[in-house]
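Here the structure comes first, spelled out in structure tokens, and everything after it is commentary.
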Amino acid sequence: MTIKKSHILAFLPIFALFFSCQEKNKEASSLAKIDQVSYNFHVRPILSDKCFACHGPDANKREADLRLDTEEGAFAALKESPGKFALVSGKIEESEVYHRITSEDPGELMPPPESNLALTENEIALIKRWIEEGAQYEPHWAFTRAEKPVVPKATEWANNEIDQFIYNKLLEKGLKPNPKAQPYELIKRASLDLTGLPPSPEVLDRFKDFSGEYSYEDLLDGLLSDPSYGEKLAVLWMDISRYADSYGYQDDNIRTQWPYRDWVIHAFNENLPYDDFITWQLAGDLLPNANKEQILATAFNRNHKYTEEGGVIDEEYRIEYVLDKTNTFSKGILGITMECAQCHDHKYDPFSQKDYYEFFAFFNNTPEKGYEGDVSISKPAKTPVLWMDHEDLSGIMEFINYQDSSKLSVSVMGELEGEEKRTTYILDRGVYDAPTIPVSASTPASILEFPEDLEANRLGLAKWTVNRDNPLTARVFVNLIWQEIFGTGIVKSAGDFGMQGDLPSHPELLDWLAVDFMENGWDIKRLLKQILSSATYQQSAEITKEHLSIDPENIYLARAPRLRLTAENIQDLVLASSGLLHQELGGPSVKPYQPEGVWEAASSGRGVLATYIQDTGKNLYRRGLYNFIKLTVPPPKAIIFDASNRDQCEVGRGRTNTPLQALVMLNDPMVLEASRVLAMNLGSQYDNDLEAIENAFKRILCRNMKSEEKDLLESYFEDQLERFENNKDQIKPTLEVGEYPIDPSQETARNAALMQVIVSLYNLEETITKI
Amino acid sequence: MEKELLEQGLNLNRRKFLSKLSLGVGSAALGSLLIPDLFKGGSPDEEAIMAALPHFAPKAKRVIYLFQNGAPSQLESFDYKPLLNKNMGQELPESIRKGQRLTGMTAGQSSFPLVGSYFKFNQYGESRAWISEIFPHTASVVDDICIVKSMHTEAINHDPALTFFQTGAQVGNRPSMGSWLSYGLGSENSNLPAFCVLLSRGKGNGQGVYSKLWSNGFLDATHQGVQFSNSEDPVLYLKDPKSMSRDERRKMLDQISAMNDLSYREFNDPAISAKIQQYEMAFRMQTAVPEMTDVSKEPDSIIKMYGPDCLVPGTYAANCLLARKLSESGVRFVQLYHQGWDQHGDLPDQMAMQAKDVDQASAALIKDLKQRGLLDETLVIWGGEFGRTNYCQGKIQPNNYGRDHHPRAFSIWMAGGGVKSGMVYGETDEFGYNITENPVHVHDFQATMLHLMGIDHERLTYKHLGRRYRLTDVSGKVVKDLLA
């Protein structure tokens with residue numbers, strides 16, 4: 001694979017946003033800077049976005065029988081204009097493409113005005129130069145085998161190879177790395193990244209500035225071996241595997257897939273290599289002598305929605321489920337938008353509709369039904385089911401947190417054999433009752449030919465997926481991990497590595513990381529430690545004038561990103577810092593405080609989830625990961641903070657900033673109760689008000705107060721103290737929030753005032769931000 | 001901090017969103033319920049899309065969608081078919097059914113007996129529209145509405161059909177109509193969300209609604225519908241804790257702002273100042289929303305018009321009144337859902353109750369908007385997700401019957417906002433089974449709605465994972481006949 005040095009133009013649109021008046025100059029100078037125009041990095045993005053819909057892979061929609069996505073197609077004589085050619089290497093005048101994109105005749109102009117697409121001057125200039133330079137095609141970067149590129153030379157700043165790549169690019173862009181972050185910032189940052197929990201004051205004190213007994217590396221090792229590590233990474237995988245606790249659709253009854261979630265936590269904590277992690281989930285049931293743990297992993301394919309609406313047509317929904325399995329695998333594991341080829345050939349990527357149904361065929365051979373009856377006879381799992389009894393749960397499945405003595409059932413995969421095997425057909429327009437040509441299970445050759453010696457079933461598919469030659473699997477996963485840490489992937493479109501996806505900001509780094517990951521046994525903990533050990537990661541998050549002018553989006557990482565925490569981790573932070581968090585791994589999902597009537601207003605009134613029956617006791621204080629997800633009415637707080645609604649596989653979340661989020665932090669009983677409990681504990685622990693505030697601050701912000709902050713907080717405390725002393729009737733109603741037991745002797749003006757200070761601390765921007 | 005650079009970044013985003021404001025709010029207030037991720041900006045694609053809006057002069061500025069969830073029967077409301085009464089109990093001819101698919105609930109029936117409406121029909125207004133006797137108030141505004149009798153859809157079950165109506169696709173996590181409009185047009189009111197959702201439930205057999213129906217899908221979460229509830233807390237988490245006065249709230253916000261400002265000075269991150277502004281908007285919402293939901297200041301004449309139920313929070317009538325207030329205040333899209341329209345059995349009783357719940361308030365909304373001079377710029381839509389079969393589900397009992405789902409022909413009505421009034425559009429065969437004239441597909445309906453809002457449905461797109469999506473998916477044409 002060849003990747004050209006300069007990718008400036010690929011990111012021009014971002015600059016254009018902020019410097020629209022200077023846009024033209026910038027573009028022109030950037031164009032001049034390019035040594036050679038690259039098909040992959042400059043031209044294909046334009047052709048794909050503006051031309052391939054009519055001149056691309058989709059044979060049925062192809063206009064004038066011309067395709068520009070392949071070299072053969074583009075250089076062939078034009079069928080409708082004999083003697084003419086779309087592209088002639090090195091010759092603008094003879095290249096019909098150039099005439100058509102610059103034509104002033106609306107009837108000739110490409111793309112045609114009615115398509116609502118248009119080329120910019122710069123895009124035209126790029127295509128012109130590309131033709132002049134020979135119009136060389138290249139294979140799409142993401143579909144070529146990843147090789148380890150040469151690592152740029154080390155610098156004093158660099159801790160490891162990651163930094164060498166990053167530094168090189170920073171130099172190219174005229175940026176320099178930020179200074180190292182403060183030790184307390186690093187402790188908070190690494191704790192949040194690896195466990196999703198804030199460091200306690202004790203941890204902060206133990207590591208201090210890393211100059212004592214414990215080093216930064218010790219911190220990382222400790223965090224990576226903490227069981228909450230598995231919980232942190234599981235959130236990402238729950239989004240990908242569209243995990244939920246109900247069936248979705250209509251009556252939306254309860255189901256039992258949480259043992260799968262417990263397995264994911266367990267697998268991450270055990271550091272199951274990613275190739276096995278994927279193989280078990282895709283085809284654990286087909287492994288030789290498969291054990292129940294491996295079969296449980298296949299629940300990955302069964303987390304999608306199931307209808308229990310009376311009167312549905314069985315096959316319509318069975319097909320729907322197979323489509324979902326296919327699309328989840330494609331998007332979550334391979335990072336491709338295969339679903340586009342469900343109804344027709346893909347418009348941008350080299351996937352035909354036949355390719356789609358050959359992929360689909362792998363998942364179409366499970367004894368699954370489209371409909372097993374309506375909500376009145378709903379069961380916690382649907383065919384095929386894995387049953388687990390007491391013996392299993394005290395043996396290899398001990399990681400499942402199940403306190404009941406009854407058997408446990410989970411929807412998993414199974415495979416039809418012999419005469420029962422299903423034939424898969426291409427479905428016309430993707431419609432269940434319009435089968436056309438029969439196909440057999442295979443993979444798109446444009447990614448990697450399906451080796452003949454592999455079984456043509458899910459196990460073969462799994463082996464193909466984790467094959468060293470598969471160009472996508474490792475790249476996609478290291479990119480997801482990068483996105484977890486830095487907020488944006490090296491490829492920004494983490495779910496689309498195809499032609500329409502974003503180009504990698506650091507292609508060499510991505511490939512180096514992917515190959516290094518595979519060469520080192522697909523070791524996820526090692527990958528994370530590698531990233532967190534880098535100097536890139538350890539920079540301060542401070543923003544300078546240079547950052548804003550050269551790299552406002554922080555693509556090149558001359559600073560650490562400041563990222564708002566996920567919905568789950570906000571809950572974790574509030575509960576952990578207040579001391580309320582009940583740490584327990586796994587188990588059935590819990591129902592903490594939720595505003596009244598949310599489920600009831602939207603329910604059909606049928607099924608056990610028609611009403612929200614809130615939990616009590618320790619289940620009110622579990623990590624956010626364990627909150628019950630009813631698909632049709634996902635937890636409103638989580639949705640307000642951009643969590644996935646788990647309707648389908650998602651590989652990234654937005655990060656919005658809305659007034660509804662402010663209202664949650666100000667008025668959510670969870671935040672208020674946590675503030676009250678912490679206030680009362682600190683109130684009795686410290687006689688000195690300021691010491692109590694200092695401790696609260698350190699627990700919540702994970703650092704010591706600065707003097708200006710101290711002044712502000714002290715005066716707010718004094719003000720509140722006066723308020724409650726003068727209005728004693730307000731003390732009780734202020735403090736009595738939440739179910740956590742309250743000692744009436746603690747209902748003092750001082751504690752109420754302290755509570756208000758703590759609520760204000762939870763509402764600081766910095767509190768729920770990884771800095 | 002280099003203020004000018006920061007301002008430059010902020011201004012570009014502000015411009016993008018402020019340009020969507022048509023009520024001239026102050027520059028401190030941002031357009032929609034949002035400050036978008038400030039330095040993410042939009043893609044160039046999105047910028048161009050925004051710059052081109054509106055594509056033509058809008059007829060309607062706002063939409064109120066009165067969704068009748070569960071699928072009310074067209075045959076007992078707006079599609080008068082005397083033949084069904086005449087041929088009561090006779091078999092549905094195969095020449096009419098044409099082997100079309102049925103749901104699993106009636107596919108196994110050995111007989112498909114035709115059943116006529118239990119209710120009488122009369123003709124009203126200049127268009128001489130046939131309306132059943134259980135909708136007398138709707139009949140009284142017949143000259144202000146446009147009845148479309150030739151709607152058809154692709155889905156045959158509730159969940160996919162609802163999802164199709166709201167998002168343009170039966171499955172998949174696509175944005176809802178209201179989210180598309182919030183994305184395309186922003187809000188007219190800086191203290192209220194652009195897209196509000198109100199739920200009510202009738203006594204008939206119901207089907208659930210789901211918050212995914214007002215989901216932003218792949219659009220920014222700031223475009224999600226905000227559900228108003230009838231509890232003490234009209235918007236989730238809006239209400240301050242006990243003993244927290246407005247002054248105390250203000251004091252706490254000042255404290256938070258002062259602390260956040262220190263942090264801003266250290267990191268120079270514009271996200272911090274955006275956060276400060278979000279807290280300010282939250283504070284304003286805490287006043288604006290309760291003012292909105294408080295109907296105590298409405299005059300008696302209005303209460304009388306909507307009916308006494310409008311004083312009972314959470315009823316359809318109360319929601320219609322609230323919808324008028326929200327819309328009047330500039331909320332772009334108010335989405336109501338009234339559940340209970342799934343009459344597989346006991347249709348005569350249930351349908352009468354359901355109609356009683358909605359008839360008066362729906363008509364009152366039209367009259368109320370009209371008397372305020374707002375009907376011209378407000379598009380009101382009434383209808384469900386599909387229609388119901390002309391044959392009985394199960395056996396016909398004396399004065400009792402039910403109807404299964406029927407996606408091939410059903411009725412809705414629209415009013416105001418540039419829709420031709422006093423018209424009946426489309427026709428079905430005498431069995432009420434197939435459309436014979438002017439079919440309107442769900443995507444056509446959506447294209448028409450967007451057109452009335454000044455939007456070309458093919459040009460309001462959002463690029464997600466490589467593909468440009470739109471509300472009308474890959475089809476839909478504006479029904480020009482419906483435009484005034």
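How things are named: the first chain in the structure tokens is A, the next is B, and so on; residues count from 1 in each chain; ligands count from 1 in the order shown.
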
Chain B contacts on chain A, only C-alpha atoms, 7 Å, as an MDAnalysis selection string: chainID A and resid 13 18 116 249:251 310:313 493 495:496 500:501 541:543 545 552:553 595 601:604 632:633 642 647:648 654 656:660 662:664 667:668 709 730 733:734 760 763:765

Just-selected residues, N, CA and C atoms written as a short mmCIF file (atom, residue, chain, number, x, y, z; two decimals), in the first residue's frame:
```cif
data_model
loop_
_atom_site.label_atom_id
_atom_site.label_comp_id
_atom_site.auth_asym_id
_atom_site.auth_seq_id
_atom_site.Cartn_x
_atom_site.Cartn_y
_atom_site.Cartn_z
N PRO A 13 -11.74 20.95 4.71
CA PRO A 13 -13.08 21.42 5.05
C PRO A 13 -13.18 21.94 6.49
N PHE A 18 -13.73 27.66 9.80
CA PHE A 18 -13.33 28.76 10.65
C PHE A 18 -12.68 29.91 9.91
N ASN A 116 -28.26 17.39 -6.84
CA ASN A 116 -27.97 18.21 -5.66
C ASN A 116 -26.52 18.05 -5.21
N TYR A 249 -39.65 -3.60 20.35
CA TYR A 249 -40.94 -3.66 19.66
C TYR A 249 -42.08 -3.58 20.68
N GLN A 250 -43.07 -2.79 20.37
CA GLN A 250 -44.41 -2.95 20.95
C GLN A 250 -44.48 -3.24 22.43
N ASP A 251 -44.84 -4.48 22.82
CA ASP A 251 -45.07 -4.76 24.24
C ASP A 251 -43.77 -4.83 25.03
N GLY A 310 -48.66 -9.66 18.15
CA GLY A 310 -49.56 -10.65 17.59
C GLY A 310 -49.80 -10.39 16.11
N GLY A 311 -49.85 -11.47 15.33
CA GLY A 311 -50.22 -11.30 13.93
C GLY A 311 -49.09 -11.03 12.98
N VAL A 312 -47.85 -11.02 13.46
CA VAL A 312 -46.75 -10.77 12.52
C VAL A 312 -46.50 -12.01 11.68
N ILE A 313 -45.82 -11.82 10.57
CA ILE A 313 -45.51 -12.92 9.67
C ILE A 313 -44.12 -13.45 10.06
N SER A 493 -14.67 8.02 11.24
CA SER A 493 -15.88 7.22 11.03
C SER A 493 -15.57 5.79 11.45
N GLY A 495 -17.20 3.33 12.22
CA GLY A 495 -18.03 2.27 11.67
C GLY A 495 -18.00 2.21 10.16
N ASP A 496 -17.20 3.04 9.53
CA ASP A 496 -17.13 3.03 8.07
C ASP A 496 -15.70 3.24 7.60
N GLN A 500 -16.55 5.90 1.56
CA GLN A 500 -17.20 7.12 2.04
C GLN A 500 -16.77 7.47 3.46
N GLY A 501 -16.00 6.58 4.06
CA GLY A 501 -15.56 6.84 5.42
C GLY A 501 -14.49 7.93 5.44
N ALA A 541 -4.17 19.26 28.77
CA ALA A 541 -5.33 19.53 27.90
C ALA A 541 -5.51 21.02 27.62
N GLU A 542 -4.58 21.80 28.04
CA GLU A 542 -4.71 23.24 27.86
C GLU A 542 -4.75 23.60 26.36
N ILE A 543 -5.59 24.55 26.01
CA ILE A 543 -5.74 24.94 24.62
C ILE A 543 -5.04 26.28 24.37
N LYS A 545 -3.56 29.36 21.44
CA LYS A 545 -3.90 30.04 20.20
C LYS A 545 -3.51 29.20 18.97
N PRO A 552 -8.17 23.13 15.43
CA PRO A 552 -9.24 23.30 16.42
C PRO A 552 -9.89 21.98 16.84
N GLU A 553 -9.95 21.05 15.91
CA GLU A 553 -10.61 19.78 16.24
C GLU A 553 -9.70 18.80 16.98
N PRO A 595 -37.57 9.15 36.95
CA PRO A 595 -38.78 9.98 37.12
C PRO A 595 -40.04 9.14 36.93
N ALA A 601 -46.21 5.90 30.71
CA ALA A 601 -46.84 6.75 29.70
C ALA A 601 -46.69 6.17 28.31
N ALA A 602 -45.63 5.43 28.11
CA ALA A 602 -45.35 4.96 26.76
C ALA A 602 -45.70 3.49 26.57
N SER A 603 -46.20 2.84 27.60
CA SER A 603 -46.40 1.40 27.53
C SER A 603 -47.72 1.02 26.89
N SER A 604 -47.75 -0.20 26.34
CA SER A 604 -49.02 -0.73 25.85
C SER A 604 -49.85 -1.22 27.03
N THR A 632 -37.73 0.10 24.17
CA THR A 632 -38.63 1.12 23.62
C THR A 632 -38.64 2.40 24.45
N VAL A 633 -38.19 2.30 25.70
CA VAL A 633 -38.09 3.50 26.55
C VAL A 633 -36.75 3.43 27.30
N ASP A 642 -26.41 11.32 25.77
CA ASP A 642 -25.90 10.75 24.51
C ASP A 642 -25.60 9.26 24.50
N ASP A 647 -30.82 0.37 19.98
CA ASP A 647 -31.72 -0.11 18.94
C ASP A 647 -30.95 -0.93 17.90
N GLN A 648 -29.73 -0.54 17.66
CA GLN A 648 -28.88 -1.28 16.73
C GLN A 648 -27.42 -1.06 17.12
N GLY A 654 -22.28 10.50 20.44
CA GLY A 654 -22.12 11.94 20.33
C GLY A 654 -21.71 12.51 21.69
N THR A 656 -22.96 15.88 23.22
CA THR A 656 -23.65 17.16 23.14
C THR A 656 -23.61 17.86 24.50
N ASN A 657 -24.08 19.06 24.46
CA ASN A 657 -24.05 19.90 25.64
C ASN A 657 -25.40 20.61 25.66
N THR A 658 -26.31 20.17 26.51
CA THR A 658 -27.67 20.71 26.44
C THR A 658 -28.16 21.15 27.83
N PRO A 659 -29.18 22.01 27.85
CA PRO A 659 -29.74 22.42 29.14
C PRO A 659 -30.38 21.25 29.90
N LEU A 660 -30.84 20.22 29.15
CA LEU A 660 -31.43 19.08 29.84
C LEU A 660 -30.38 18.39 30.71
N ALA A 662 -27.93 19.93 32.20
CA ALA A 662 -27.79 20.77 33.39
C ALA A 662 -28.91 20.44 34.39
N LEU A 663 -30.12 20.27 33.86
CA LEU A 663 -31.25 19.97 34.76
C LEU A 663 -31.06 18.64 35.47
N VAL A 664 -30.53 17.65 34.76
CA VAL A 664 -30.27 16.35 35.40
C VAL A 664 -29.29 16.53 36.55
N ASN A 667 -30.98 18.38 39.51
CA ASN A 667 -32.20 17.92 40.18
C ASN A 667 -32.37 16.41 40.30
N ASP A 668 -31.49 15.66 39.72
CA ASP A 668 -31.60 14.21 39.79
C ASP A 668 -31.46 13.75 41.25
N GLU A 709 -10.69 29.12 44.28
CA GLU A 709 -11.81 28.19 44.43
C GLU A 709 -12.21 28.09 45.89
N GLN A 730 -36.26 24.64 56.30
CA GLN A 730 -35.77 24.17 54.99
C GLN A 730 -34.75 23.04 55.11
N PRO A 733 -36.48 19.19 54.53
CA PRO A 733 -36.83 18.88 53.14
C PRO A 733 -35.62 18.89 52.19
N THR A 734 -34.62 19.67 52.54
CA THR A 734 -33.44 19.70 51.66
C THR A 734 -32.66 18.39 51.80
N SER A 760 -23.17 21.81 44.13
CA SER A 760 -22.54 22.74 43.17
C SER A 760 -21.25 22.14 42.60
N ASN A 763 -21.89 19.85 39.81
CA ASN A 763 -22.35 20.55 38.61
C ASN A 763 -21.25 21.30 37.88
N LEU A 764 -20.03 21.15 38.34
CA LEU A 764 -18.94 21.82 37.62
C LEU A 764 -18.63 21.07 36.33
N GLU A 765 -18.29 21.83 35.34
CA GLU A 765 -17.94 21.25 34.06
C GLU A 765 -16.79 20.27 34.21
#
```

Contacts of region 105-188 of chain A with region 47-54 of chain A up to 10 Å, shortest pair per row, only C-alpha atoms, as CSV:
```
residue,atom,partner,partner_atom,distance
A:Met110,CA,A:Cys51,CA,8.2
A:Pro111,CA,A:Lys50,CA,6.7
A:Pro112,CA,A:Cys51,CA,9.9
A:Ser115,CA,A:Lys50,CA,9.1
A:Asn116,CA,A:Lys50,CA,9.7
A:Leu117,CA,A:Lys50,CA,6.4
A:Ala118,CA,A:Lys50,CA,7.2
A:Leu119,CA,A:Lys50,CA,7.4
A:Glu123,CA,A:Leu47,CA,9.5
A:Ile127,CA,A:Leu47,CA,9.0
```

Next, write the just-selected residues to a file, as an mmCIF file, in the first residue's frame, keeping N, CA and C atoms as the atom set.
```cif
data_model
loop_
_atom_site.group_PDB
_atom_site.id
_atom_site.type_symbol
_atom_site.label_atom_id
_atom_site.label_comp_id
_atom_site.auth_asym_id
_atom_site.auth_seq_id
_atom_site.Cartn_x
_atom_site.Cartn_y
_atom_site.Cartn_z
ATOM 1 N N MET A 110 -21.351 17.384 -15.027
ATOM 2 C CA MET A 110 -21.344 16.311 -14.041
ATOM 3 C C MET A 110 -20.758 16.842 -12.733
ATOM 4 N N PRO A 111 -21.281 16.451 -11.575
ATOM 5 C CA PRO A 111 -22.542 15.707 -11.459
ATOM 6 C C PRO A 111 -23.714 16.565 -11.916
ATOM 7 N N PRO A 112 -24.762 15.930 -12.426
ATOM 8 C CA PRO A 112 -25.891 16.703 -12.948
ATOM 9 C C PRO A 112 -26.533 17.554 -11.848
ATOM 10 N N SER A 115 -28.894 16.211 -9.154
ATOM 11 C CA SER A 115 -28.420 15.305 -8.104
ATOM 12 C C SER A 115 -28.193 16.050 -6.787
ATOM 13 N N ASN A 116 -28.264 17.389 -6.843
ATOM 14 C CA ASN A 116 -27.966 18.215 -5.664
ATOM 15 C C ASN A 116 -26.523 18.053 -5.210
ATOM 16 N N LEU A 117 -25.667 17.594 -6.092
ATOM 17 C CA LEU A 117 -24.250 17.462 -5.766
ATOM 18 C C LEU A 117 -23.477 18.401 -6.688
ATOM 19 N N ALA A 118 -22.353 18.910 -6.206
ATOM 20 C CA ALA A 118 -21.538 19.766 -7.053
ATOM 21 C C ALA A 118 -20.085 19.634 -6.630
ATOM 22 N N LEU A 119 -19.179 19.827 -7.570
ATOM 23 C CA LEU A 119 -17.754 19.798 -7.257
ATOM 24 C C LEU A 119 -17.275 21.209 -6.954
ATOM 25 N N GLU A 123 -11.793 20.741 -5.864
ATOM 26 C CA GLU A 123 -11.958 19.330 -6.236
ATOM 27 C C GLU A 123 -11.671 19.131 -7.725
ATOM 28 N N ILE A 127 -8.708 16.795 -9.431
ATOM 29 C CA ILE A 127 -8.946 15.765 -10.448
ATOM 30 C C ILE A 127 -8.090 16.065 -11.681
#
```

Rows by chain and residue number, region 240-335 of chain B within 12 Å of region 377-390 of chain B, shortest pair, only C-alpha atoms, as JSON lines:
```
{"residue": "B:Cys320", "atom": "CA", "partner": "B:Val380", "partner_atom": "CA", "distance": 10.9}
{"residue": "B:Ala323", "atom": "CA", "partner": "B:Val380", "partner_atom": "CA", "distance": 10.5}
{"residue": "B:Arg324", "atom": "CA", "partner": "B:Thr378", "partner_atom": "CA", "distance": 9.7}
{"residue": "B:Leu326", "atom": "CA", "partner": "B:Thr378", "partner_atom": "CA", "distance": 11.7}
{"residue": "B:Ser327", "atom": "CA", "partner": "B:Thr378", "partner_atom": "CA", "distance": 8.0}
{"residue": "B:Glu328", "atom": "CA", "partner": "B:Thr378", "partner_atom": "CA", "distance": 9.0}
{"residue": "B:Ser329", "atom": "CA", "partner": "B:Thr378", "partner_atom": "CA", "distance": 11.9}
{"residue": "B:Gly330", "atom": "CA", "partner": "B:Thr378", "partner_atom": "CA", "distance": 10.3}
{"residue": "B:Val331", "atom": "CA", "partner": "B:Thr378", "partner_atom": "CA", "distance": 10.7}
{"residue": "B:Arg332", "atom": "CA", "partner": "B:Thr378", "partner_atom": "CA", "distance": 9.4}
{"residue": "B:Phe333", "atom": "CA", "partner": "B:Leu379", "partner_atom": "CA", "distance": 9.5}
{"residue": "B:Val334", "atom": "CA", "partner": "B:Val380", "partner_atom": "CA", "distance": 9.6}
{"residue": "B:Gln335", "atom": "CA", "partner": "B:Ile381", "partner_atom": "CA", "distance": 9.7}
```

Residue contacts of Asn479 (chain A) (12 Å, only C-alpha atoms) excluding same-chain residues fewer than 3 positions away, as an MDAnalysis selection string: chainID A and resid 332:335 472:476 482:497 504:507 509:514 517 527:528 531 651:652

Applying 8 Å and only C-alpha atoms, which residues near region 456-465 of chain A remain after dropping the ones on its own chain fewer than 3 positions away? List them as an NGL selection string. :A and (278-279 or 282-284 or 286-287 or 362-363 or 441-443 or 450-451 or 470 or 473)

Keeping N, CA and C atoms, export the residues of the selection given above as a tab-separated table (two decimals), in the first residue's frame.
```tsv
chain	number	residue	atom	x	y	z
A	278	ILE	N	-13.55	-12.53	19.59
A	278	ILE	CA	-14.42	-12.46	18.41
A	278	ILE	C	-14.87	-13.86	17.98
A	279	THR	N	-13.93	-14.79	17.98
A	279	THR	CA	-14.27	-16.15	17.53
A	279	THR	C	-15.37	-16.76	18.41
A	282	LEU	N	-18.73	-15.07	17.64
A	282	LEU	CA	-19.32	-15.41	16.34
A	282	LEU	C	-19.71	-16.87	16.27
A	283	ALA	N	-18.87	-17.73	16.85
A	283	ALA	CA	-19.05	-19.15	16.58
A	283	ALA	C	-18.63	-20.04	17.73
A	284	GLY	N	-18.75	-19.58	18.95
A	284	GLY	CA	-18.37	-20.39	20.11
A	284	GLY	C	-19.03	-21.76	20.10
A	286	LEU	N	-19.68	-23.59	17.65
A	286	LEU	CA	-19.17	-24.48	16.61
A	286	LEU	C	-17.73	-24.92	16.87
A	287	LEU	N	-17.14	-24.41	17.95
A	287	LEU	CA	-15.77	-24.82	18.28
A	287	LEU	C	-15.77	-26.29	18.66
A	362	PHE	N	-24.06	-16.94	6.35
A	362	PHE	CA	-23.39	-17.46	7.55
A	362	PHE	C	-24.32	-17.44	8.76
A	363	PHE	N	-25.17	-16.44	8.80
A	363	PHE	CA	-26.02	-16.24	9.99
A	363	PHE	C	-27.43	-16.80	9.80
A	441	ALA	N	-22.62	-19.48	1.59
A	441	ALA	CA	-21.87	-18.61	2.49
A	441	ALA	C	-20.47	-18.32	1.97
A	442	SER	N	-20.15	-17.04	1.91
A	442	SER	CA	-18.80	-16.65	1.52
A	442	SER	C	-18.57	-15.20	1.93
A	443	THR	N	-17.34	-14.72	1.70
A	443	THR	CA	-17.00	-13.36	2.11
A	443	THR	C	-16.63	-12.52	0.89
A	450	PHE	N	-12.35	-15.83	0.66
A	450	PHE	CA	-12.62	-16.83	1.70
A	450	PHE	C	-11.79	-18.07	1.40
A	451	PRO	N	-10.84	-18.41	2.29
A	451	PRO	CA	-9.95	-19.53	1.98
A	451	PRO	C	-10.75	-20.83	1.80
A	470	ASN	N	-6.62	-10.49	7.04
A	470	ASN	CA	-7.83	-9.68	6.99
A	470	ASN	C	-7.45	-8.22	7.24
A	473	THR	N	-10.16	-6.21	10.55
A	473	THR	CA	-10.47	-6.51	11.95
A	473	THR	C	-9.58	-5.77	12.96
```

Rounded to one decimal, what separation in Å do you get between CA of Val677 (chain A) and CA of Leu761 (chain A)?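 Between CA of Val677 (chain A) and CA of Leu761 (chain A) the gap is 14.3 Å.
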
Taking only region 264-393 of chain B into account, list the residues labelled strand (DSSP E) by DSSP (computed from the backbone), as a ChimeraX atom specification. /B:333-339,378-383,387-392

Give me the residues near Ser684 (chain A) as a list in words, where near means some atom within 12 Å (using only C-alpha atoms) and where sequence neighbours in that chain fewer than 2 positions away do not count.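 The neighbour list is Val677, Leu678, Ala679, Met680, Asn681, Leu682, Tyr686, Asp687, Asn688, Asp689, Glu691, Ala692, Asp743, Ser745, Gln746, Glu747, Thr748, Arg750, Asn751 and Leu754 of chain A.
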
Could you list, as a list in words, every residue within 6 Å of region 442-451 of chain B, counting only C-alpha atoms and ignoring same-chain residues fewer than 6 positions away?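 Surrounding residues, per the criterion: Thr153, His457, Thr472, Gly476, Lys477, Val478 and Val479 of chain B.
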
Selection near Pro183 (chain A), 8 Å with only C-alpha atoms, sequence-local residues under 2 positions removed, as a ChimeraX atom specification: /A:181,185-187,208-210

Restricting the calculation to only C-alpha atoms, which member of A:Gly587, A:Gly414, A:Pro350, A:Gly230 is positioned closest to His266 (chain A)? A:Gly230

Extract the full set of alpha helix (DSSP H) residues from region 185-407 of chain B according to DSSP on the backbone, and format it as an MDAnalysis selection string. chainID B and resid 185 246:267 270:293 300:306 316:328 347:371
